[in-house]
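K.L.:
Below you will find the structure I want to go over with you.
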Amino acid sequence: MLARGGTSWDAWLVAGAVGVAGLPALHSAVPNGAGRLGSLLETFLPWTGAAVPVLVASALWARSKAGLLACAVPALVWCWMFGGLWFASSPGPQELTVVQHNVADDNADPAGTARALLASGARLVAVQELTAAARPRYQDVLGASHPHRAVHGTVGLWSAWPLSDVRPVDIRPEGFPASWRRGLRATVSAPGGPIAVYVVHLPSVRLGPTGLASAARDESAALLGARIADDPAGRLLVVGDLNGTVWDRGLGPLTGQLDAPEAGFAFSWPAALPVARIDQVLGRGVEVTRVAALEATGSDHLPVLGRVRLP
């Protein structure tokens with residue numbers, strides 16, 4: 001049994017602090033082969049900071065000065081990686097607002113969900129899991145203020161500004177049926193000039209005994225990344241349920257060429273107890289200054305409001 005105030009406690013606590021600091025700092029070194037452990041860690045990466053208060057409490061209980069000092073290392077690493085998400089820059093003269101929401105295909109109150117999205121004040125409304133039966137309810141609520149609409153399969157975009165060059169985007173992984181249609185691109189006549197907007201819904205991932213099943217999601221992200229790389233648009237947004245966080249290497253084909261929000265954790269899933277932001281607003285040639293999660297609707301996701309500064 002370890003005695004309080006002993007050197008053994010010091011060693012254990014210092015080792016624990018180094019380990020907790022290393023997980024977020026060196027997350028890309030965690031292998032992603034069997035079970036995709038790297039992606040699993042990166043899904044919940046900000047939560048590694050929850051270990052710091054546990055370490056501090058343990059150091060205080062053990063009366064370990066070395067352990068308490070060591071706790072500063074993971075705390076500083078966490079602040080370096082995630083601290084900036086607490087601070088938002090002030091709105092710019094030209095700012096676009098977009099709300100992103102997986103509305104859930106089993107949503108019992110689509111009209112109420114549409115009203116919640118309208119109340120956000122966003123000029124662009126992007127949705128996924130939009131069913132043919134629910135589509136008129138969203139149009140009834142959003143049509144007056146957002147008269148321009150694009151829908152393909154189960155994804156949709158309502159805009160306060162005119163849309164042009166609307167086209168489907170094929171991000172269907174191999175083996176998925178032709179009825180799986182989860183991507184569209186439209187050009188929005190936004191202030192200051194056009195902006196290309198992609199609305200997408202990548203395949204779901206599953207956590208099981210063998211780890212994280214994300215192969216289809218990763219394949220879809222690679223297909224989308226190739227389309228974006230070839231897109232000549234100078235201002236571009238990708239809005240959607242990506243079923244992954246911005247730290248998840250499975251989304252590397254997207255995050256490698258798009259900028260993530262500067263501020264806001266905006267955990268969006270699951271709605272009952274949000275632990276990860278898998279609903280994203282990413283940009284190229286524009287600055288996504290902040291994302292924020294909104295109040296729950298009839299979906300298992302929370303809506304996410306993004307603020308985009310236009311050059």
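Just so we're on the same page: first chain in the structure tokens is A, next is B, and so on; residues restart at 1 for each chain, and ligands are numbered from 1 in the order they show up.
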What are the nearest atom pairs, with distances in Å to one decimal, for all residues of segment 121-201 of chain A that come at most 10 Å from segment 93-114 of chain A, using only C-alpha atoms, set out by chain and rising residue number as a Markdown table?

P.N.:
```
| residue | atom | partner | partner_atom | distance |
| --- | --- | --- | --- | --- |
| A:Gly121 | CA | A:Thr97 | CA | 7.7 |
| A:Ala122 | CA | A:Thr97 | CA | 4.7 |
| A:Arg123 | CA | A:Thr97 | CA | 5.7 |
| A:Leu124 | CA | A:Val98 | CA | 4.6 |
| A:Val125 | CA | A:Val99 | CA | 5.1 |
| A:Ala126 | CA | A:Gln100 | CA | 4.9 |
| A:Val127 | CA | A:His101 | CA | 4.9 |
| A:Gln128 | CA | A:Asn102 | CA | 4.6 |
| A:Glu129 | CA | A:Asp105 | CA | 5.0 |
| A:Leu130 | CA | A:Asp105 | CA | 6.2 |
| A:Thr131 | CA | A:Asp105 | CA | 6.0 |
| A:Ala132 | CA | A:Asp105 | CA | 9.7 |
| A:Ala133 | CA | A:Asp105 | CA | 9.6 |
| A:Ala134 | CA | A:Pro110 | CA | 6.2 |
| A:Arg135 | CA | A:Pro110 | CA | 8.4 |
| A:Pro136 | CA | A:Ala111 | CA | 9.0 |
| A:Arg137 | CA | A:Ala111 | CA | 5.2 |
| A:Tyr138 | CA | A:Ala114 | CA | 5.4 |
| A:Gln139 | CA | A:Ala114 | CA | 8.5 |
| A:Asp140 | CA | A:Ala111 | CA | 8.1 |
| A:Val141 | CA | A:Ala114 | CA | 6.1 |
| A:Leu142 | CA | A:Ala114 | CA | 6.9 |
| A:Thr154 | CA | A:Asp105 | CA | 8.9 |
| A:Val155 | CA | A:Asn102 | CA | 9.0 |
| A:Leu157 | CA | A:Gln100 | CA | 9.5 |
| A:Trp158 | CA | A:Val98 | CA | 9.9 |
| A:Ser159 | CA | A:Val98 | CA | 9.2 |
| A:Ala190 | CA | A:Leu96 | CA | 7.9 |
| A:Pro191 | CA | A:Gln94 | CA | 7.1 |
| A:Gly192 | CA | A:Gln94 | CA | 8.0 |
| A:Val199 | CA | A:Gln100 | CA | 8.9 |
| A:His201 | CA | A:Asn102 | CA | 8.4 |
```

K.L.:
Quick one: distance from atom CA of Ala34 of chain A to atom CA of Pro253 of chain A in Å, one decimal?

P.N.:
20.4 Å

K.L.:
I need the helix (DSSP H, G or I) residues of segment 37-189 of chain A per DSSP on the backbone, written as number ranges by chain.

P.N.:
A: 37-43, 45-62, 65-70, 72-86, 110-119, 135-142

K.L.:
Extract, using only C-alpha atoms, all DNA, RNA and protein residues at most 12 Å from segment 205-218 of chain A, discarding same-chain residues fewer than 5 positions from it, and format them as an mmCIF file with all heavy atoms, in the first residue's frame.

P.N.:
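In the end it all went to out_1.cif:
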```
data_model
loop_
_atom_site.group_PDB
_atom_site.id
_atom_site.type_symbol
_atom_site.label_atom_id
_atom_site.label_comp_id
_atom_site.auth_asym_id
_atom_site.auth_seq_id
_atom_site.Cartn_x
_atom_site.Cartn_y
_atom_site.Cartn_z
ATOM 1 N N ASN A 32 -4.065 3.660 -36.253
ATOM 2 C CA ASN A 32 -5.459 3.627 -36.680
ATOM 3 C C ASN A 32 -5.765 2.368 -37.496
ATOM 4 O O ASN A 32 -6.690 2.349 -38.298
ATOM 5 C CB ASN A 32 -5.792 4.860 -37.531
ATOM 6 C CG ASN A 32 -7.238 5.287 -37.352
ATOM 7 O OD1 ASN A 32 -7.812 5.116 -36.284
ATOM 8 N ND2 ASN A 32 -7.830 5.856 -38.393
ATOM 9 N N GLY A 33 -4.972 1.328 -37.262
ATOM 10 C CA GLY A 33 -5.178 0.083 -37.982
ATOM 11 C C GLY A 33 -6.373 -0.675 -37.446
ATOM 12 O O GLY A 33 -7.526 -0.348 -37.714
ATOM 13 N N ALA A 34 -6.129 -1.687 -36.677
ATOM 14 C CA ALA A 34 -7.210 -2.490 -36.107
ATOM 15 C C ALA A 34 -8.045 -1.654 -35.155
ATOM 16 O O ALA A 34 -7.528 -1.048 -34.218
ATOM 17 C CB ALA A 34 -6.626 -3.699 -35.368
ATOM 18 N N GLY A 35 -9.348 -1.623 -35.413
ATOM 19 C CA GLY A 35 -10.263 -0.923 -34.524
ATOM 20 C C GLY A 35 -10.285 0.583 -34.674
ATOM 21 O O GLY A 35 -11.070 1.241 -33.999
ATOM 22 N N ARG A 36 -9.427 1.130 -35.514
ATOM 23 C CA ARG A 36 -9.354 2.595 -35.706
ATOM 24 C C ARG A 36 -9.316 3.332 -34.361
ATOM 25 O O ARG A 36 -10.100 4.242 -34.088
ATOM 26 C CB ARG A 36 -10.527 3.073 -36.563
ATOM 27 C CG ARG A 36 -10.305 2.800 -38.050
ATOM 28 C CD ARG A 36 -11.443 3.310 -38.896
ATOM 29 N NE ARG A 36 -11.073 3.450 -40.295
ATOM 30 C CZ ARG A 36 -10.968 2.448 -41.169
ATOM 31 N NH1 ARG A 36 -11.204 1.217 -40.760
ATOM 32 N NH2 ARG A 36 -10.625 2.664 -42.422
ATOM 33 N N LEU A 37 -8.358 2.914 -33.540
ATOM 34 C CA LEU A 37 -8.238 3.504 -32.208
ATOM 35 C C LEU A 37 -7.892 4.982 -32.275
ATOM 36 O O LEU A 37 -8.304 5.769 -31.414
ATOM 37 C CB LEU A 37 -7.179 2.740 -31.396
ATOM 38 C CG LEU A 37 -7.503 1.284 -31.068
ATOM 39 C CD1 LEU A 37 -6.359 0.660 -30.278
ATOM 40 C CD2 LEU A 37 -8.807 1.195 -30.275
ATOM 41 N N GLY A 38 -7.118 5.375 -33.288
ATOM 42 C CA GLY A 38 -6.779 6.791 -33.420
ATOM 43 C C GLY A 38 -8.004 7.641 -33.644
ATOM 44 O O GLY A 38 -8.198 8.669 -32.980
ATOM 45 N N SER A 39 -8.875 7.236 -34.557
ATOM 46 C CA SER A 39 -10.107 7.987 -34.814
ATOM 47 C C SER A 39 -11.005 7.996 -33.595
ATOM 48 O O SER A 39 -11.685 8.988 -33.308
ATOM 49 C CB SER A 39 -10.847 7.382 -36.010
ATOM 50 O OG SER A 39 -10.228 7.743 -37.226
ATOM 51 N N LEU A 40 -11.036 6.872 -32.870
ATOM 52 C CA LEU A 40 -11.861 6.808 -31.665
ATOM 53 C C LEU A 40 -11.385 7.825 -30.634
ATOM 54 O O LEU A 40 -12.194 8.560 -30.048
ATOM 55 C CB LEU A 40 -11.821 5.396 -31.083
ATOM 56 C CG LEU A 40 -12.636 5.166 -29.811
ATOM 57 C CD1 LEU A 40 -14.112 5.456 -30.045
ATOM 58 C CD2 LEU A 40 -12.444 3.736 -29.311
ATOM 59 N N LEU A 41 -10.082 7.901 -30.415
ATOM 60 C CA LEU A 41 -9.537 8.897 -29.489
ATOM 61 C C LEU A 41 -9.855 10.300 -29.969
ATOM 62 O O LEU A 41 -10.268 11.176 -29.187
ATOM 63 C CB LEU A 41 -8.017 8.711 -29.369
ATOM 64 C CG LEU A 41 -7.261 9.833 -28.647
ATOM 65 C CD1 LEU A 41 -7.683 9.937 -27.187
ATOM 66 C CD2 LEU A 41 -5.745 9.588 -28.754
ATOM 67 N N GLU A 42 -9.705 10.547 -31.268
ATOM 68 C CA GLU A 42 -9.895 11.892 -31.808
ATOM 69 C C GLU A 42 -11.355 12.328 -31.806
ATOM 70 O O GLU A 42 -11.646 13.521 -31.865
ATOM 71 C CB GLU A 42 -9.305 11.931 -33.221
ATOM 72 C CG GLU A 42 -7.784 11.884 -33.191
ATOM 73 C CD GLU A 42 -7.161 11.337 -34.462
ATOM 74 O OE1 GLU A 42 -7.903 10.841 -35.332
ATOM 75 O OE2 GLU A 42 -5.930 11.394 -34.583
ATOM 76 N N THR A 43 -12.268 11.375 -31.712
ATOM 77 C CA THR A 43 -13.686 11.726 -31.595
ATOM 78 C C THR A 43 -13.973 12.434 -30.276
ATOM 79 O O THR A 43 -14.817 13.330 -30.205
ATOM 80 C CB THR A 43 -14.550 10.460 -31.715
ATOM 81 O OG1 THR A 43 -14.329 9.859 -32.996
ATOM 82 C CG2 THR A 43 -16.028 10.772 -31.554
ATOM 83 N N ILE A 171 -21.014 11.138 -53.263
ATOM 84 C CA ILE A 171 -20.050 10.737 -52.227
ATOM 85 C C ILE A 171 -20.409 9.336 -51.726
ATOM 86 O O ILE A 171 -20.135 8.980 -50.593
ATOM 87 C CB ILE A 171 -20.048 11.745 -51.061
ATOM 88 C CG1 ILE A 171 -21.462 11.938 -50.488
ATOM 89 C CG2 ILE A 171 -19.464 13.084 -51.494
ATOM 90 C CD1 ILE A 171 -21.495 12.768 -49.211
ATOM 91 N N ARG A 172 -21.002 8.540 -52.611
ATOM 92 C CA ARG A 172 -21.508 7.212 -52.253
ATOM 93 C C ARG A 172 -20.365 6.198 -52.233
ATOM 94 O O ARG A 172 -19.707 5.976 -53.242
ATOM 95 C CB ARG A 172 -22.577 6.801 -53.257
ATOM 96 C CG ARG A 172 -23.186 5.438 -53.058
ATOM 97 C CD ARG A 172 -24.425 5.323 -53.912
ATOM 98 N NE ARG A 172 -24.144 5.628 -55.309
ATOM 99 C CZ ARG A 172 -23.920 4.701 -56.249
ATOM 100 N NH1 ARG A 172 -23.946 3.423 -55.922
ATOM 101 N NH2 ARG A 172 -23.701 5.055 -57.493
ATOM 102 N N PRO A 173 -20.120 5.577 -51.074
ATOM 103 C CA PRO A 173 -19.063 4.563 -51.007
ATOM 104 C C PRO A 173 -19.419 3.338 -51.845
ATOM 105 O O PRO A 173 -20.582 3.094 -52.166
ATOM 106 C CB PRO A 173 -19.014 4.208 -49.512
ATOM 107 C CG PRO A 173 -19.700 5.332 -48.807
ATOM 108 C CD PRO A 173 -20.732 5.830 -49.772
ATOM 109 N N GLU A 174 -18.412 2.566 -52.170
ATOM 110 C CA GLU A 174 -18.611 1.366 -52.969
ATOM 111 C C GLU A 174 -19.545 0.394 -52.244
ATOM 112 O O GLU A 174 -19.418 0.173 -51.038
ATOM 113 C CB GLU A 174 -17.268 0.682 -53.233
ATOM 114 C CG GLU A 174 -17.364 -0.511 -54.151
ATOM 115 C CD GLU A 174 -16.002 -1.112 -54.459
ATOM 116 O OE1 GLU A 174 -14.988 -0.559 -53.978
ATOM 117 O OE2 GLU A 174 -15.950 -2.121 -55.174
ATOM 118 N N GLY A 175 -20.501 -0.139 -52.982
ATOM 119 C CA GLY A 175 -21.432 -1.099 -52.410
ATOM 120 C C GLY A 175 -22.709 -0.488 -51.868
ATOM 121 O O GLY A 175 -23.644 -1.221 -51.550
ATOM 122 N N PHE A 176 -22.769 0.838 -51.767
ATOM 123 C CA PHE A 176 -23.984 1.494 -51.298
ATOM 124 C C PHE A 176 -24.968 1.616 -52.469
ATOM 125 O O PHE A 176 -24.550 1.809 -53.603
ATOM 126 C CB PHE A 176 -23.673 2.875 -50.719
ATOM 127 C CG PHE A 176 -23.174 2.842 -49.300
ATOM 128 C CD1 PHE A 176 -22.126 2.007 -48.931
ATOM 129 C CD2 PHE A 176 -23.729 3.660 -48.333
ATOM 130 C CE1 PHE A 176 -21.654 1.981 -47.615
ATOM 131 C CE2 PHE A 176 -23.255 3.645 -47.023
ATOM 132 C CZ PHE A 176 -22.226 2.797 -46.667
ATOM 133 N N VAL A 200 -23.746 18.051 -47.073
ATOM 134 C CA VAL A 200 -23.411 16.635 -47.157
ATOM 135 C C VAL A 200 -23.773 15.902 -45.869
ATOM 136 O O VAL A 200 -23.929 16.514 -44.804
ATOM 137 C CB VAL A 200 -21.904 16.438 -47.446
ATOM 138 C CG1 VAL A 200 -21.534 16.994 -48.807
ATOM 139 C CG2 VAL A 200 -21.061 17.087 -46.366
ATOM 140 N N LEU A 223 -13.888 10.870 -51.215
ATOM 141 C CA LEU A 223 -14.586 11.255 -52.441
ATOM 142 C C LEU A 223 -14.941 12.742 -52.427
ATOM 143 O O LEU A 223 -14.765 13.452 -53.423
ATOM 144 C CB LEU A 223 -15.850 10.412 -52.611
ATOM 145 C CG LEU A 223 -15.637 8.924 -52.901
ATOM 146 C CD1 LEU A 223 -16.962 8.170 -52.805
ATOM 147 C CD2 LEU A 223 -15.021 8.734 -54.282
ATOM 148 N N LEU A 224 -15.443 13.199 -51.276
ATOM 149 C CA LEU A 224 -15.798 14.607 -51.158
ATOM 150 C C LEU A 224 -14.562 15.490 -51.227
ATOM 151 O O LEU A 224 -14.568 16.551 -51.870
ATOM 152 C CB LEU A 224 -16.550 14.843 -49.846
ATOM 153 C CG LEU A 224 -16.981 16.273 -49.553
ATOM 154 C CD1 LEU A 224 -17.883 16.818 -50.651
ATOM 155 C CD2 LEU A 224 -17.691 16.350 -48.189
ATOM 156 N N GLY A 225 -13.487 15.057 -50.583
ATOM 157 C CA GLY A 225 -12.256 15.830 -50.620
ATOM 158 C C GLY A 225 -11.727 16.008 -52.029
ATOM 159 O O GLY A 225 -11.229 17.085 -52.392
ATOM 160 N N ASP A 241 -23.464 16.899 -41.645
ATOM 161 C CA ASP A 241 -23.207 15.882 -40.634
ATOM 162 C C ASP A 241 -22.091 15.004 -41.185
ATOM 163 O O ASP A 241 -22.324 14.154 -42.044
ATOM 164 C CB ASP A 241 -24.483 15.078 -40.381
ATOM 165 C CG ASP A 241 -24.264 13.924 -39.401
ATOM 166 O OD1 ASP A 241 -23.140 13.776 -38.889
ATOM 167 O OD2 ASP A 241 -25.230 13.165 -39.169
ATOM 168 N N LEU A 242 -20.884 15.210 -40.686
ATOM 169 C CA LEU A 242 -19.724 14.478 -41.189
ATOM 170 C C LEU A 242 -19.437 13.228 -40.370
ATOM 171 O O LEU A 242 -18.504 12.482 -40.679
ATOM 172 C CB LEU A 242 -18.494 15.381 -41.206
ATOM 173 C CG LEU A 242 -18.612 16.680 -42.018
ATOM 174 C CD1 LEU A 242 -17.257 17.361 -42.128
ATOM 175 C CD2 LEU A 242 -19.208 16.435 -43.393
ATOM 176 N N ASN A 243 -20.220 13.005 -39.327
ATOM 177 C CA ASN A 243 -20.027 11.828 -38.483
ATOM 178 C C ASN A 243 -18.575 11.686 -38.028
ATOM 179 O O ASN A 243 -18.017 10.584 -37.981
ATOM 180 C CB ASN A 243 -20.510 10.564 -39.197
ATOM 181 C CG ASN A 243 -21.989 10.321 -38.973
ATOM 182 O OD1 ASN A 243 -22.450 10.221 -37.843
ATOM 183 N ND2 ASN A 243 -22.758 10.271 -40.059
ATOM 184 N N GLY A 244 -17.974 12.813 -37.706
ATOM 185 C CA GLY A 244 -16.613 12.839 -37.206
ATOM 186 C C GLY A 244 -16.256 14.236 -36.755
ATOM 187 O O GLY A 244 -16.859 15.219 -37.196
ATOM 188 N N THR A 245 -15.282 14.323 -35.866
ATOM 189 C CA THR A 245 -14.827 15.617 -35.371
ATOM 190 C C THR A 245 -13.722 16.153 -36.275
ATOM 191 O O THR A 245 -13.156 15.440 -37.100
ATOM 192 C CB THR A 245 -14.292 15.501 -33.935
ATOM 193 O OG1 THR A 245 -13.080 14.722 -33.953
ATOM 194 C CG2 THR A 245 -15.316 14.821 -33.022
ATOM 195 N N ASP A 248 -10.521 14.151 -36.163
ATOM 196 C CA ASP A 248 -10.539 12.769 -36.623
ATOM 197 C C ASP A 248 -9.793 12.655 -37.950
ATOM 198 O O ASP A 248 -10.164 13.273 -38.946
ATOM 199 C CB ASP A 248 -11.992 12.308 -36.786
ATOM 200 C CG ASP A 248 -12.126 10.826 -37.060
ATOM 201 O OD1 ASP A 248 -11.188 10.227 -37.611
ATOM 202 O OD2 ASP A 248 -13.195 10.269 -36.730
ATOM 203 N N ARG A 249 -8.736 11.841 -37.972
ATOM 204 C CA ARG A 249 -7.922 11.714 -39.186
ATOM 205 C C ARG A 249 -8.703 11.129 -40.353
ATOM 206 O O ARG A 249 -8.308 11.294 -41.507
ATOM 207 C CB ARG A 249 -6.694 10.850 -38.893
ATOM 208 C CG ARG A 249 -7.003 9.369 -38.678
ATOM 209 C CD ARG A 249 -5.852 8.628 -38.067
ATOM 210 N NE ARG A 249 -5.635 9.062 -36.703
ATOM 211 C CZ ARG A 249 -4.668 8.548 -35.918
ATOM 212 N NH1 ARG A 249 -3.860 7.628 -36.394
ATOM 213 N NH2 ARG A 249 -4.529 8.969 -34.682
ATOM 214 N N GLY A 250 -9.827 10.455 -40.073
ATOM 215 C CA GLY A 250 -10.653 9.942 -41.154
ATOM 216 C C GLY A 250 -11.235 11.044 -42.021
ATOM 217 O O GLY A 250 -11.589 10.803 -43.171
ATOM 218 N N LEU A 251 -11.328 12.258 -41.467
ATOM 219 C CA LEU A 251 -11.808 13.410 -42.233
ATOM 220 C C LEU A 251 -10.657 14.235 -42.793
ATOM 221 O O LEU A 251 -10.858 15.348 -43.269
ATOM 222 C CB LEU A 251 -12.691 14.300 -41.353
ATOM 223 C CG LEU A 251 -13.961 13.661 -40.786
ATOM 224 C CD1 LEU A 251 -14.780 14.698 -40.027
ATOM 225 C CD2 LEU A 251 -14.802 13.022 -41.876
ATOM 226 N N GLY A 252 -9.455 13.678 -42.744
ATOM 227 C CA GLY A 252 -8.283 14.391 -43.234
ATOM 228 C C GLY A 252 -8.395 14.908 -44.659
ATOM 229 O O GLY A 252 -7.912 16.007 -44.950
ATOM 230 N N PRO A 253 -9.026 14.148 -45.598
ATOM 231 C CA PRO A 253 -9.173 14.681 -46.955
ATOM 232 C C PRO A 253 -9.962 15.989 -47.006
ATOM 233 O O PRO A 253 -9.853 16.741 -47.967
ATOM 234 C CB PRO A 253 -9.930 13.563 -47.681
ATOM 235 C CG PRO A 253 -9.554 12.319 -46.952
ATOM 236 C CD PRO A 253 -9.456 12.741 -45.510
ATOM 237 N N LEU A 254 -10.763 16.262 -45.963
ATOM 238 C CA LEU A 254 -11.517 17.516 -45.893
ATOM 239 C C LEU A 254 -10.785 18.550 -45.046
ATOM 240 O O LEU A 254 -10.542 19.675 -45.482
ATOM 241 C CB LEU A 254 -12.903 17.258 -45.301
ATOM 242 C CG LEU A 254 -13.793 16.290 -46.069
ATOM 243 C CD1 LEU A 254 -15.074 16.048 -45.307
ATOM 244 C CD2 LEU A 254 -14.090 16.823 -47.449
ATOM 245 N N ILE A 278 -20.068 16.469 -34.372
ATOM 246 C CA ILE A 278 -19.916 15.772 -35.644
ATOM 247 C C ILE A 278 -20.662 16.515 -36.752
ATOM 248 O O ILE A 278 -20.623 16.094 -37.904
ATOM 249 C CB ILE A 278 -20.396 14.316 -35.540
ATOM 250 C CG1 ILE A 278 -21.877 14.233 -35.190
ATOM 251 C CG2 ILE A 278 -19.572 13.568 -34.500
ATOM 252 C CD1 ILE A 278 -22.425 12.805 -35.170
#
```

K.L.:
So which bits of segment 12-245 of chain A end up strand (DSSP E or B) when you DSSP the backbone, as a VMD selection string?

P.N.:
chain A and resid 95 to 102 124 to 128 148 to 152 155 to 159 163 to 168 183 to 190 193 to 201 206 to 208 211 to 213 236 to 241

K.L.:
Could you check the closest approach to Ala276 of chain A for each of A:Leu117, A:Val308, A:Ala263, A:Leu45 and tell me which residue wins, using only C-alpha atoms?

P.N.:
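Smallest separation from Ala276 of chain A among the options: A:Leu45.
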
K.L.:
Nearest to Val286 of chain A: which of A:Gly306, A:Ala66, A:Pro31, A:Arg235 is it, counting only C-alpha atoms?

P.N.:
A:Arg235

K.L.:
Between A:Ser64, A:Ala260, A:Phe267, A:Ala296, which has the minimum distance to Val281 of chain A (counting only C-alpha atoms)?

P.N.:
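Checking each of A:Ser64, A:Ala260, A:Phe267, A:Ala296 against Val281 of chain A, counting only C-alpha atoms, the winner is A:Ala260.
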